[in-house]
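> Supplied in structure tokens, the structure appears directly below.
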Amino acid sequence: MKCIKSAQFLIFCSLLIFLSGCTGASNEELKNSIESYLNENYGLKEKIHIVSVENNWLEGVDYQVEAKLNKPYSTYLHLTLDRDKIKVIPDDSDDFYLELFKGAYIEQHPEIIQLSNKLIKKYTLISDKQLDEIYKDKFFLYYLNINIEQTQEVKLIESFKKNNTVDTNVILPTLIRSKPKINSGHIGVINFIYEYDLHGNKNKVPKAETLVEEFRKSKMLTRGIYNIAVQTVNTKTDSRDESKDSNVLFSVDDNGTFSILPTPKEFE
């Protein structure tokens with residue numbers, strides 16, 4: 001009987017050792033792989049911080065990593081890493097340069113972010129904090145999204161490799177409209193896409209035109225192409241009501257004049 005128990009114990013210990021080797025890469029290994037990827041493809045020399053890792057090793061799913069970069073600009077990234085190779089899968093990960101540009105824009109235009117936060121409160125739009133509580137996840141100015149034409153982005157990446165800086169004041173006026181790459185709603189270069197929760201909200205859904213007017217009166221937006229949208233959602237039923245959605249695509253010139261732009265059919 002003792003021999004049987006000893007054998008069972010040995011099998012159990014062996015199984016634990018085997019499973020411990022199957023649980024996958026450590027956070028340090030993931031961190032090193034991500035830093036190598038960013039250095040090789042973007043010339044980034046800064047360290048990244050792992051915020052969270054989804055490691056569903058039993059099902060053999062690739063690693064889902066939330067990472068943060070503090071320098072040169074505060075940047076949040078969602079990255080997918082191949083389970084076997086421990087390598088970043090670009091097509092399943094955030095576009096690093098777009099997220100970096102977002103971080104630079106936030107840092108270099110704090111007055112615009114402050115205005116945006118005031119509008120969220122004034123028109124009872126969904127905030128990052130609300131989304132954090134609903135989805136138990138971390139959101140970083142969810143409404144701000146960047147879209148840059150592919151050829152221009154390649155040139156900007158090459159420039160970034162040399163100096164590791166992104167001057168949005170210089171770059172933004174040069175950027176052209178292009179077909180959305182990440183989301184069909186990203187029809188501008190700078191996209192403010194707010195959400196309005198129908199659940200428990202008795203106020204009238206604000207129109208994008210109203211928000212555009214608020215930005216126009218503020219005289220804060222610099223030369224560039226912008227898109228402001230309001231999307232209606234119901235967080236209780238996790239649904240959308242597109243009939244109440246609205247958006248405005250517009251440009252701002254050097255004098256601060258707003259001009260409404262038609263949405264190109266090829267962007268729709």
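Residue numbering restarts at 1 in every chain; chains get A, B, ... in the order shown in the structure tokens, and ligands count up from 1 in that same order.
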With DSSP run on the backbone, what are the strand (DSSP E) residues within stretch 16-203 of chain A? I'd like them as a PyMOL selection string.

chain A and resi 48-54+63-69+75-81+144-146+190-197

> For the structure I just gave you, how does DSSP split stretch 42-256 of chain A - specifically, which residues are helix (DSSP H, G or I)? Reply as a PDB file with N, CA and C atoms, in the first residue's frame.


ATOM      1  N   TYR A  42      11.039  50.218 -34.531  1.00  0.00           N
ATOM      2  CA  TYR A  42      10.789  51.652 -34.352  1.00  0.00           C
ATOM      3  C   TYR A  42      11.988  52.411 -33.773  1.00  0.00           C
ATOM      4  N   PRO A  90       2.289  41.512 -35.123  1.00  0.00           N
ATOM      5  CA  PRO A  90       1.881  42.884 -35.459  1.00  0.00           C
ATOM      6  C   PRO A  90       0.418  43.029 -35.874  1.00  0.00           C
ATOM      7  N   ASP A  91      -0.073  42.113 -36.702  1.00  0.00           N
ATOM      8  CA  ASP A  91      -1.443  42.231 -37.206  1.00  0.00           C
ATOM      9  C   ASP A  91      -2.492  42.080 -36.117  1.00  0.00           C
ATOM     10  N   ASP A  92      -2.129  41.473 -34.993  1.00  0.00           N
ATOM     11  CA  ASP A  92      -3.071  41.279 -33.892  1.00  0.00           C
ATOM     12  C   ASP A  92      -2.772  42.207 -32.719  1.00  0.00           C
ATOM     13  N   PHE A  96       1.788  50.580 -33.028  1.00  0.00           N
ATOM     14  CA  PHE A  96       2.600  51.313 -32.052  1.00  0.00           C
ATOM     15  C   PHE A  96       2.703  52.801 -32.362  1.00  0.00           C
ATOM     16  N   TYR A  97       2.965  53.160 -33.617  1.00  0.00           N
ATOM     17  CA  TYR A  97       3.173  54.579 -33.922  1.00  0.00           C
ATOM     18  C   TYR A  97       1.893  55.386 -33.692  1.00  0.00           C
ATOM     19  N   LEU A  98       0.749  54.825 -34.040  1.00  0.00           N
ATOM     20  CA  LEU A  98      -0.512  55.543 -33.829  1.00  0.00           C
ATOM     21  C   LEU A  98      -0.755  55.782 -32.342  1.00  0.00           C
ATOM     22  N   GLU A  99      -0.459  54.782 -31.518  1.00  0.00           N
ATOM     23  CA  GLU A  99      -0.648  54.935 -30.075  1.00  0.00           C
ATOM     24  C   GLU A  99       0.376  55.908 -29.499  1.00  0.00           C
ATOM     25  N   LEU A 100       1.579  55.899 -30.041  1.00  0.00           N
ATOM     26  CA  LEU A 100       2.616  56.836 -29.605  1.00  0.00           C
ATOM     27  C   LEU A 100       2.221  58.266 -29.970  1.00  0.00           C
ATOM     28  N   PHE A 101       1.677  58.443 -31.174  1.00  0.00           N
ATOM     29  CA  PHE A 101       1.222  59.758 -31.625  1.00  0.00           C
ATOM     30  C   PHE A 101       0.114  60.260 -30.701  1.00  0.00           C
ATOM     31  N   LYS A 102      -0.765  59.346 -30.304  1.00  0.00           N
ATOM     32  CA  LYS A 102      -1.835  59.703 -29.365  1.00  0.00           C
ATOM     33  C   LYS A 102      -1.242  60.216 -28.057  1.00  0.00           C
ATOM     34  N   GLY A 103      -0.249  59.502 -27.537  1.00  0.00           N
ATOM     35  CA  GLY A 103       0.392  59.932 -26.301  1.00  0.00           C
ATOM     36  C   GLY A 103       1.051  61.290 -26.438  1.00  0.00           C
ATOM     37  N   ALA A 104       1.687  61.521 -27.587  1.00  0.00           N
ATOM     38  CA  ALA A 104       2.342  62.805 -27.836  1.00  0.00           C
ATOM     39  C   ALA A 104       1.306  63.923 -27.946  1.00  0.00           C
ATOM     40  N   TYR A 105       0.189  63.634 -28.608  1.00  0.00           N
ATOM     41  CA  TYR A 105      -0.867  64.638 -28.783  1.00  0.00           C
ATOM     42  C   TYR A 105      -1.439  65.043 -27.425  1.00  0.00           C
ATOM     43  N   ILE A 106      -1.647  64.068 -26.566  1.00  0.00           N
ATOM     44  CA  ILE A 106      -2.186  64.341 -25.233  1.00  0.00           C
ATOM     45  C   ILE A 106      -1.222  65.220 -24.438  1.00  0.00           C
ATOM     46  N   GLU A 107       0.059  64.902 -24.512  1.00  0.00           N
ATOM     47  CA  GLU A 107       1.068  65.655 -23.760  1.00  0.00           C
ATOM     48  C   GLU A 107       1.234  67.066 -24.303  1.00  0.00           C
ATOM     49  N   GLN A 108       1.158  67.222 -25.620  1.00  0.00           N
ATOM     50  CA  GLN A 108       1.422  68.513 -26.246  1.00  0.00           C
ATOM     51  C   GLN A 108       0.184  69.395 -26.384  1.00  0.00           C
ATOM     52  N   PRO A 110      -2.604  69.629 -23.763  1.00  0.00           N
ATOM     53  CA  PRO A 110      -3.379  69.369 -22.545  1.00  0.00           C
ATOM     54  C   PRO A 110      -4.668  70.173 -22.460  1.00  0.00           C
ATOM     55  N   GLU A 111      -4.666  71.376 -23.058  1.00  0.00           N
ATOM     56  CA  GLU A 111      -5.865  72.214 -23.009  1.00  0.00           C
ATOM     57  C   GLU A 111      -7.021  71.580 -23.770  1.00  0.00           C
ATOM     58  N   ILE A 112      -6.713  70.849 -24.832  1.00  0.00           N
ATOM     59  CA  ILE A 112      -7.761  70.179 -25.608  1.00  0.00           C
ATOM     60  C   ILE A 112      -8.336  69.006 -24.822  1.00  0.00           C
ATOM     61  N   ILE A 113      -7.488  68.288 -24.125  1.00  0.00           N
ATOM     62  CA  ILE A 113      -7.950  67.171 -23.306  1.00  0.00           C
ATOM     63  C   ILE A 113      -8.803  67.688 -22.151  1.00  0.00           C
ATOM     64  N   GLN A 114      -8.419  68.814 -21.571  1.00  0.00           N
ATOM     65  CA  GLN A 114      -9.203  69.413 -20.491  1.00  0.00           C
ATOM     66  C   GLN A 114     -10.583  69.819 -20.991  1.00  0.00           C
ATOM     67  N   LEU A 115     -10.631  70.422 -22.182  1.00  0.00           N
ATOM     68  CA  LEU A 115     -11.914  70.799 -22.769  1.00  0.00           C
ATOM     69  C   LEU A 115     -12.760  69.559 -23.024  1.00  0.00           C
ATOM     70  N   SER A 116     -12.141  68.527 -23.558  1.00  0.00           N
ATOM     71  CA  SER A 116     -12.853  67.289 -23.856  1.00  0.00           C
ATOM     72  C   SER A 116     -13.468  66.697 -22.591  1.00  0.00           C
ATOM     73  N   ASN A 117     -12.718  66.716 -21.503  1.00  0.00           N
ATOM     74  CA  ASN A 117     -13.230  66.184 -20.237  1.00  0.00           C
ATOM     75  C   ASN A 117     -14.418  66.999 -19.728  1.00  0.00           C
ATOM     76  N   LYS A 118     -14.365  68.308 -19.958  1.00  0.00           N
ATOM     77  CA  LYS A 118     -15.483  69.168 -19.557  1.00  0.00           C
ATOM     78  C   LYS A 118     -16.731  68.850 -20.379  1.00  0.00           C
ATOM     79  N   LEU A 119     -16.537  68.588 -21.673  1.00  0.00           N
ATOM     80  CA  LEU A 119     -17.671  68.263 -22.542  1.00  0.00           C
ATOM     81  C   LEU A 119     -18.273  66.911 -22.170  1.00  0.00           C
ATOM     82  N   ILE A 120     -17.431  65.977 -21.773  1.00  0.00           N
ATOM     83  CA  ILE A 120     -17.925  64.665 -21.342  1.00  0.00           C
ATOM     84  C   ILE A 120     -18.859  64.834 -20.152  1.00  0.00           C
ATOM     85  N   LYS A 121     -18.455  65.678 -19.217  1.00  0.00           N
ATOM     86  CA  LYS A 121     -19.277  65.922 -18.030  1.00  0.00           C
ATOM     87  C   LYS A 121     -20.535  66.718 -18.379  1.00  0.00           C
ATOM     88  N   LYS A 122     -20.382  67.737 -19.207  1.00  0.00           N
ATOM     89  CA  LYS A 122     -21.506  68.609 -19.563  1.00  0.00           C
ATOM     90  C   LYS A 122     -22.603  67.860 -20.304  1.00  0.00           C
ATOM     91  N   ASP A 128     -13.738  57.511 -19.150  1.00  0.00           N
ATOM     92  CA  ASP A 128     -12.837  56.369 -18.954  1.00  0.00           C
ATOM     93  C   ASP A 128     -13.172  55.637 -17.660  1.00  0.00           C
ATOM     94  N   LYS A 129     -13.448  56.400 -16.606  1.00  0.00           N
ATOM     95  CA  LYS A 129     -13.723  55.810 -15.295  1.00  0.00           C
ATOM     96  C   LYS A 129     -14.941  54.897 -15.343  1.00  0.00           C
ATOM     97  N   GLN A 130     -15.985  55.335 -16.046  1.00  0.00           N
ATOM     98  CA  GLN A 130     -17.188  54.504 -16.168  1.00  0.00           C
ATOM     99  C   GLN A 130     -16.876  53.196 -16.885  1.00  0.00           C
ATOM    100  N   LEU A 131     -16.102  53.277 -17.950  1.00  0.00           N
ATOM    101  CA  LEU A 131     -15.741  52.070 -18.701  1.00  0.00           C
ATOM    102  C   LEU A 131     -14.879  51.144 -17.851  1.00  0.00           C
ATOM    103  N   ASP A 132     -13.982  51.730 -17.052  1.00  0.00           N
ATOM    104  CA  ASP A 132     -13.150  50.923 -16.151  1.00  0.00           C
ATOM    105  C   ASP A 132     -14.028  50.089 -15.229  1.00  0.00           C
ATOM    106  N   GLU A 133     -15.079  50.736 -14.689  1.00  0.00           N
ATOM    107  CA  GLU A 133     -15.962  50.070 -13.731  1.00  0.00           C
ATOM    108  C   GLU A 133     -16.847  49.027 -14.404  1.00  0.00           C
ATOM    109  N   ILE A 134     -17.296  49.323 -15.616  1.00  0.00           N
ATOM    110  CA  ILE A 134     -18.206  48.414 -16.322  1.00  0.00           C
ATOM    111  C   ILE A 134     -17.485  47.173 -16.819  1.00  0.00           C
ATOM    112  N   TYR A 135     -16.350  47.383 -17.470  1.00  0.00           N
ATOM    113  CA  TYR A 135     -15.655  46.266 -18.115  1.00  0.00           C
ATOM    114  C   TYR A 135     -14.465  45.730 -17.315  1.00  0.00           C
ATOM    115  N   GLN A 150      -0.896  55.366 -44.734  1.00  0.00           N
ATOM    116  CA  GLN A 150       0.173  54.384 -44.610  1.00  0.00           C
ATOM    117  C   GLN A 150       1.542  54.897 -45.061  1.00  0.00           C
ATOM    118  N   THR A 151       1.598  55.524 -46.243  1.00  0.00           N
ATOM    119  CA  THR A 151       2.881  56.018 -46.755  1.00  0.00           C
ATOM    120  C   THR A 151       3.466  57.077 -45.834  1.00  0.00           C
ATOM    121  N   GLN A 152       2.597  57.960 -45.343  1.00  0.00           N
ATOM    122  CA  GLN A 152       3.061  58.991 -44.424  1.00  0.00           C
ATOM    123  C   GLN A 152       3.538  58.380 -43.105  1.00  0.00           C
ATOM    124  N   GLU A 153       2.828  57.359 -42.641  1.00  0.00           N
ATOM    125  CA  GLU A 153       3.218  56.724 -41.383  1.00  0.00           C
ATOM    126  C   GLU A 153       4.601  56.080 -41.489  1.00  0.00           C
ATOM    127  N   VAL A 154       4.870  55.435 -42.618  1.00  0.00           N
ATOM    128  CA  VAL A 154       6.178  54.796 -42.825  1.00  0.00           C
ATOM    129  C   VAL A 154       7.294  55.838 -42.731  1.00  0.00           C
ATOM    130  N   LYS A 155       7.087  57.001 -43.356  1.00  0.00           N
ATOM    131  CA  LYS A 155       8.092  58.068 -43.325  1.00  0.00           C
ATOM    132  C   LYS A 155       8.262  58.623 -41.909  1.00  0.00           C
ATOM    133  N   LEU A 156       7.140  58.731 -41.196  1.00  0.00           N
ATOM    134  CA  LEU A 156       7.195  59.245 -39.829  1.00  0.00           C
ATOM    135  C   LEU A 156       7.923  58.277 -38.901  1.00  0.00           C
ATOM    136  N   ILE A 157       7.733  56.996 -39.132  1.00  0.00           N
ATOM    137  CA  ILE A 157       8.429  55.984 -38.332  1.00  0.00           C
ATOM    138  C   ILE A 157       9.935  56.078 -38.559  1.00  0.00           C
ATOM    139  N   GLU A 158      10.330  56.267 -39.820  1.00  0.00           N
ATOM    140  CA  GLU A 158      11.755  56.403 -40.138  1.00  0.00           C
ATOM    141  C   GLU A 158      12.345  57.630 -39.448  1.00  0.00           C
ATOM    142  N   SER A 159      11.557  58.695 -39.397  1.00  0.00           N
ATOM    143  CA  SER A 159      12.009  59.911 -38.723  1.00  0.00           C
ATOM    144  C   SER A 159      12.116  59.674 -37.217  1.00  0.00           C
ATOM    145  N   PHE A 160      11.146  58.945 -36.671  1.00  0.00           N
ATOM    146  CA  PHE A 160      11.149  58.659 -35.237  1.00  0.00           C
ATOM    147  C   PHE A 160      12.353  57.814 -34.841  1.00  0.00           C
ATOM    148  N   LYS A 161      12.756  56.917 -35.708  1.00  0.00           N
ATOM    149  CA  LYS A 161      13.916  56.063 -35.422  1.00  0.00           C
ATOM    150  C   LYS A 161      15.181  56.892 -35.181  1.00  0.00           C
ATOM    151  N   LYS A 162      15.247  58.056 -35.822  1.00  0.00           N
ATOM    152  CA  LYS A 162      16.450  58.889 -35.723  1.00  0.00           C
ATOM    153  C   LYS A 162      16.496  59.722 -34.447  1.00  0.00           C
ATOM    154  N   ASN A 163      15.315  60.211 -34.015  1.00  0.00           N
ATOM    155  CA  ASN A 163      15.346  61.132 -32.872  1.00  0.00           C
ATOM    156  C   ASN A 163      14.412  60.766 -31.719  1.00  0.00           C
ATOM    157  N   THR A 168       3.705  66.791 -32.703  1.00  0.00           N
ATOM    158  CA  THR A 168       2.382  66.801 -33.345  1.00  0.00           C
ATOM    159  C   THR A 168       2.046  68.160 -33.941  1.00  0.00           C
ATOM    160  N   ASN A 169       2.601  69.229 -33.388  1.00  0.00           N
ATOM    161  CA  ASN A 169       2.325  70.565 -33.928  1.00  0.00           C
ATOM    162  C   ASN A 169       2.891  70.727 -35.336  1.00  0.00           C
ATOM    163  N   VAL A 170       4.009  70.077 -35.589  1.00  0.00           N
ATOM    164  CA  VAL A 170       4.637  70.139 -36.910  1.00  0.00           C
ATOM    165  C   VAL A 170       4.019  69.108 -37.850  1.00  0.00           C
ATOM    166  N   ILE A 171       3.753  67.918 -37.334  1.00  0.00           N
ATOM    167  CA  ILE A 171       3.287  66.810 -38.173  1.00  0.00           C
ATOM    168  C   ILE A 171       1.825  66.931 -38.578  1.00  0.00           C
ATOM    169  N   LEU A 172       0.957  67.281 -37.629  1.00  0.00           N
ATOM    170  CA  LEU A 172      -0.491  67.269 -37.881  1.00  0.00           C
ATOM    171  C   LEU A 172      -0.917  68.046 -39.125  1.00  0.00           C
ATOM    172  N   PRO A 173      -0.405  69.262 -39.363  1.00  0.00           N
ATOM    173  CA  PRO A 173      -0.832  70.017 -40.550  1.00  0.00           C
ATOM    174  C   PRO A 173      -0.480  69.342 -41.870  1.00  0.00           C
ATOM    175  N   THR A 174       0.470  68.413 -41.849  1.00  0.00           N
ATOM    176  CA  THR A 174       0.918  67.758 -43.089  1.00  0.00           C
ATOM    177  C   THR A 174       0.146  66.479 -43.401  1.00  0.00           C
ATOM    178  N   ALA A 208     -23.164  65.360 -32.658  1.00  0.00           N
ATOM    179  CA  ALA A 208     -21.755  65.655 -32.915  1.00  0.00           C
ATOM    180  C   ALA A 208     -21.584  67.122 -33.303  1.00  0.00           C
ATOM    181  N   GLU A 209     -22.570  67.665 -34.029  1.00  0.00           N
ATOM    182  CA  GLU A 209     -22.508  69.067 -34.449  1.00  0.00           C
ATOM    183  C   GLU A 209     -22.396  70.007 -33.240  1.00  0.00           C
ATOM    184  N   THR A 210     -23.061  69.641 -32.156  1.00  0.00           N
ATOM    185  CA  THR A 210     -23.016  70.459 -30.942  1.00  0.00           C
ATOM    186  C   THR A 210     -21.609  70.475 -30.353  1.00  0.00           C
ATOM    187  N   LEU A 211     -20.966  69.322 -30.361  1.00  0.00           N
ATOM    188  CA  LEU A 211     -19.605  69.232 -29.833  1.00  0.00           C
ATOM    189  C   LEU A 211     -18.618  69.972 -30.734  1.00  0.00           C
ATOM    190  N   VAL A 212     -18.837  69.892 -32.045  1.00  0.00           N
ATOM    191  CA  VAL A 212     -17.977  70.618 -32.987  1.00  0.00           C
ATOM    192  C   VAL A 212     -18.046  72.114 -32.697  1.00  0.00           C
ATOM    193  N   GLU A 213     -19.247  72.602 -32.435  1.00  0.00           N
ATOM    194  CA  GLU A 213     -19.426  74.023 -32.138  1.00  0.00           C
ATOM    195  C   GLU A 213     -18.691  74.407 -30.849  1.00  0.00           C
ATOM    196  N   GLU A 214     -18.706  73.521 -29.874  1.00  0.00           N
ATOM    197  CA  GLU A 214     -17.978  73.773 -28.623  1.00  0.00           C
ATOM    198  C   GLU A 214     -16.476  73.903 -28.901  1.00  0.00           C
ATOM    199  N   PHE A 215     -15.958  73.016 -29.730  1.00  0.00           N
ATOM    200  CA  PHE A 215     -14.538  73.074 -30.081  1.00  0.00           C
ATOM    201  C   PHE A 215     -14.232  74.329 -30.899  1.00  0.00           C
ATOM    202  N   ARG A 216     -15.139  74.693 -31.790  1.00  0.00           N
ATOM    203  CA  ARG A 216     -14.920  75.882 -32.625  1.00  0.00           C
ATOM    204  C   ARG A 216     -14.829  77.133 -31.757  1.00  0.00           C
ATOM    205  N   LYS A 217     -15.742  77.252 -30.803  1.00  0.00           N
ATOM    206  CA  LYS A 217     -15.758  78.425 -29.924  1.00  0.00           C
ATOM    207  C   LYS A 217     -14.518  78.485 -29.025  1.00  0.00           C
ATOM    208  N   SER A 218     -13.968  77.330 -28.711  1.00  0.00           N
ATOM    209  CA  SER A 218     -12.790  77.299 -27.831  1.00  0.00           C
ATOM    210  C   SER A 218     -11.535  77.821 -28.521  1.00  0.00           C
ATOM    211  N   GLU A 242     -27.455  52.600 -33.561  1.00  0.00           N
ATOM    212  CA  GLU A 242     -26.807  53.429 -34.570  1.00  0.00           C
ATOM    213  C   GLU A 242     -27.715  54.519 -35.129  1.00  0.00           C
ATOM    214  N   SER A 243     -29.026  54.373 -34.954  1.00  0.00           N
ATOM    215  CA  SER A 243     -29.955  55.383 -35.467  1.00  0.00           C
ATOM    216  C   SER A 243     -29.774  56.722 -34.758  1.00  0.00           C
ATOM    217  N   LYS A 244     -29.190  56.694 -33.578  1.00  0.00           N
ATOM    218  CA  LYS A 244     -28.976  57.925 -32.808  1.00  0.00           C
ATOM    219  C   LYS A 244     -27.535  58.432 -32.914  1.00  0.00           C
TER     220      LYS A 244
END

> Between A:Ile193, A:Ile50, A:Leu141, A:Val61, which residue has the minimum interatomic distance to A:Glu35, considering only C-alpha atoms?

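The shortest atom-to-atom distance to A:Glu35 comes from A:Ile50.
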
> What's around A:Ala67 at 9 Å? Count only C-alpha atoms, leave out sequence neighbours fewer than 5 positions away in its own chain, and write the answer as a tab-separated table (two decimals) with N, CA and C atoms, in the first residue's frame.


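Once everything was written out, this is selection_10.tsv:
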chain	number	residue	atom	x	y	z
A	31	LYS	N	8.41	40.90	-21.64
A	31	LYS	CA	8.90	42.28	-21.64
A	31	LYS	C	10.11	42.42	-22.56
A	48	ILE	N	9.67	49.25	-21.33
A	48	ILE	CA	8.22	49.21	-21.21
A	48	ILE	C	7.87	48.52	-19.88
A	49	HIS	N	6.64	48.75	-19.45
A	49	HIS	CA	6.16	48.14	-18.21
A	49	HIS	C	4.97	47.23	-18.53
A	50	ILE	N	5.01	46.01	-18.05
A	50	ILE	CA	3.89	45.09	-18.25
A	50	ILE	C	2.79	45.43	-17.26
A	51	VAL	N	1.60	45.75	-17.76
A	51	VAL	CA	0.47	46.07	-16.90
A	51	VAL	C	-0.29	44.80	-16.54
A	52	SER	N	-0.56	43.97	-17.53
A	52	SER	CA	-1.25	42.70	-17.28
A	52	SER	C	-0.96	41.72	-18.41
A	53	VAL	N	-1.11	40.44	-18.10
A	53	VAL	CA	-0.89	39.38	-19.08
A	53	VAL	C	-2.03	38.37	-18.99
A	75	THR	N	2.21	56.00	-23.22
A	75	THR	CA	1.56	55.22	-24.27
A	75	THR	C	1.11	53.87	-23.72
A	76	TYR	N	-0.15	53.51	-24.02
A	76	TYR	CA	-0.67	52.20	-23.63
A	76	TYR	C	-0.80	51.33	-24.87
A	77	LEU	N	-0.40	50.08	-24.73
A	77	LEU	CA	-0.42	49.16	-25.87
A	77	LEU	C	-1.06	47.83	-25.52
A	78	HIS	N	-1.83	47.31	-26.47
A	78	HIS	CA	-2.31	45.93	-26.36
A	78	HIS	C	-1.54	45.13	-27.41
A	79	LEU	N	-0.84	44.11	-26.95
A	79	LEU	CA	0.00	43.32	-27.85
A	79	LEU	C	-0.31	41.84	-27.74

> What does the distance between atom CA of A:Ser251 and atom CA of A:Tyr143 come to in Å, to one decimal place?

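Calculated distance between atom CA of A:Ser251 and atom CA of A:Tyr143 is 18.5 Å.
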
> Could you check which of A:Ser33, A:Asn247, A:Thr222, A:Asn27 is closest to A:Leu261, using only C-alpha atoms?

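Of the candidates, the smallest distance to A:Leu261 is held by A:Asn247.
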
> In Å to one decimal, how far is atom CA of A:Leu44 from atom CA of A:Ala25?

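So the two atoms, atom CA of A:Ala25 and atom CA of A:Leu44, lie 22.8 Å apart.
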
> For A:Val233, work out the shell of residues within 12 Å, counting only C-alpha atoms and skipping chain neighbours fewer than 5 positions away, then give it as a list in words.

Leu125, Ile126, Leu131, Tyr194, Glu195, Tyr196, Asp197, Leu198, His199, Gly200, Asn201, Val205, Asp238, Ser239, Arg240, Asp241, Glu242, Ser243, Lys244 and Asp245 of chain A

> Would you save the residues from that selection as a compact mmCIF listing (two decimals), in the first residue's frame, using N, CA and C atoms?


# COMPACT_ATOMS: atom_id res chain seq x y z
N LEU A 125 -21.54 62.25 -21.37
CA LEU A 125 -20.95 61.23 -22.23
C LEU A 125 -20.19 60.24 -21.35
N ILE A 126 -19.91 59.08 -21.86
CA ILE A 126 -19.20 58.06 -21.09
C ILE A 126 -17.75 58.48 -20.86
N LEU A 131 -16.10 53.28 -17.95
CA LEU A 131 -15.74 52.07 -18.70
C LEU A 131 -14.88 51.14 -17.85
N TYR A 194 -16.87 59.80 -29.06
CA TYR A 194 -17.44 59.67 -27.72
C TYR A 194 -18.59 58.65 -27.73
N GLU A 195 -18.84 58.09 -26.55
CA GLU A 195 -19.97 57.18 -26.41
C GLU A 195 -20.97 57.77 -25.42
N TYR A 196 -22.24 57.53 -25.71
CA TYR A 196 -23.33 58.00 -24.85
C TYR A 196 -24.12 56.77 -24.41
N ASP A 197 -24.26 56.61 -23.10
CA ASP A 197 -24.93 55.43 -22.56
C ASP A 197 -26.43 55.68 -22.41
N LEU A 198 -27.23 54.89 -23.12
CA LEU A 198 -28.69 55.02 -23.04
C LEU A 198 -29.23 54.45 -21.73
N HIS A 199 -28.47 53.56 -21.10
CA HIS A 199 -28.93 52.94 -19.86
C HIS A 199 -28.92 53.94 -18.71
N GLY A 200 -30.08 54.18 -18.14
CA GLY A 200 -30.20 55.07 -16.99
C GLY A 200 -29.92 56.52 -17.29
N ASN A 201 -29.93 56.91 -18.54
CA ASN A 201 -29.64 58.29 -18.92
C ASN A 201 -30.86 58.89 -19.60
N VAL A 205 -29.72 62.58 -26.39
CA VAL A 205 -28.42 62.23 -26.97
C VAL A 205 -27.84 63.46 -27.67
N ASP A 238 -25.29 45.71 -23.51
CA ASP A 238 -24.09 45.62 -24.36
C ASP A 238 -24.48 45.70 -25.84
N SER A 239 -25.27 46.73 -26.16
CA SER A 239 -25.77 46.89 -27.53
C SER A 239 -25.56 48.33 -28.02
N ARG A 240 -25.81 48.54 -29.30
CA ARG A 240 -25.68 49.84 -29.93
C ARG A 240 -27.01 50.26 -30.53
N ASP A 241 -27.21 51.57 -30.66
CA ASP A 241 -28.37 52.11 -31.37
C ASP A 241 -27.83 53.11 -32.39
N GLU A 242 -27.46 52.60 -33.56
CA GLU A 242 -26.81 53.43 -34.57
C GLU A 242 -27.72 54.52 -35.13
N SER A 243 -29.03 54.37 -34.95
CA SER A 243 -29.95 55.38 -35.47
C SER A 243 -29.77 56.72 -34.76
N LYS A 244 -29.19 56.69 -33.58
CA LYS A 244 -28.98 57.93 -32.81
C LYS A 244 -27.54 58.43 -32.91
N ASP A 245 -26.71 57.73 -33.69
CA ASP A 245 -25.32 58.15 -33.86
C ASP A 245 -25.21 59.39 -34.74
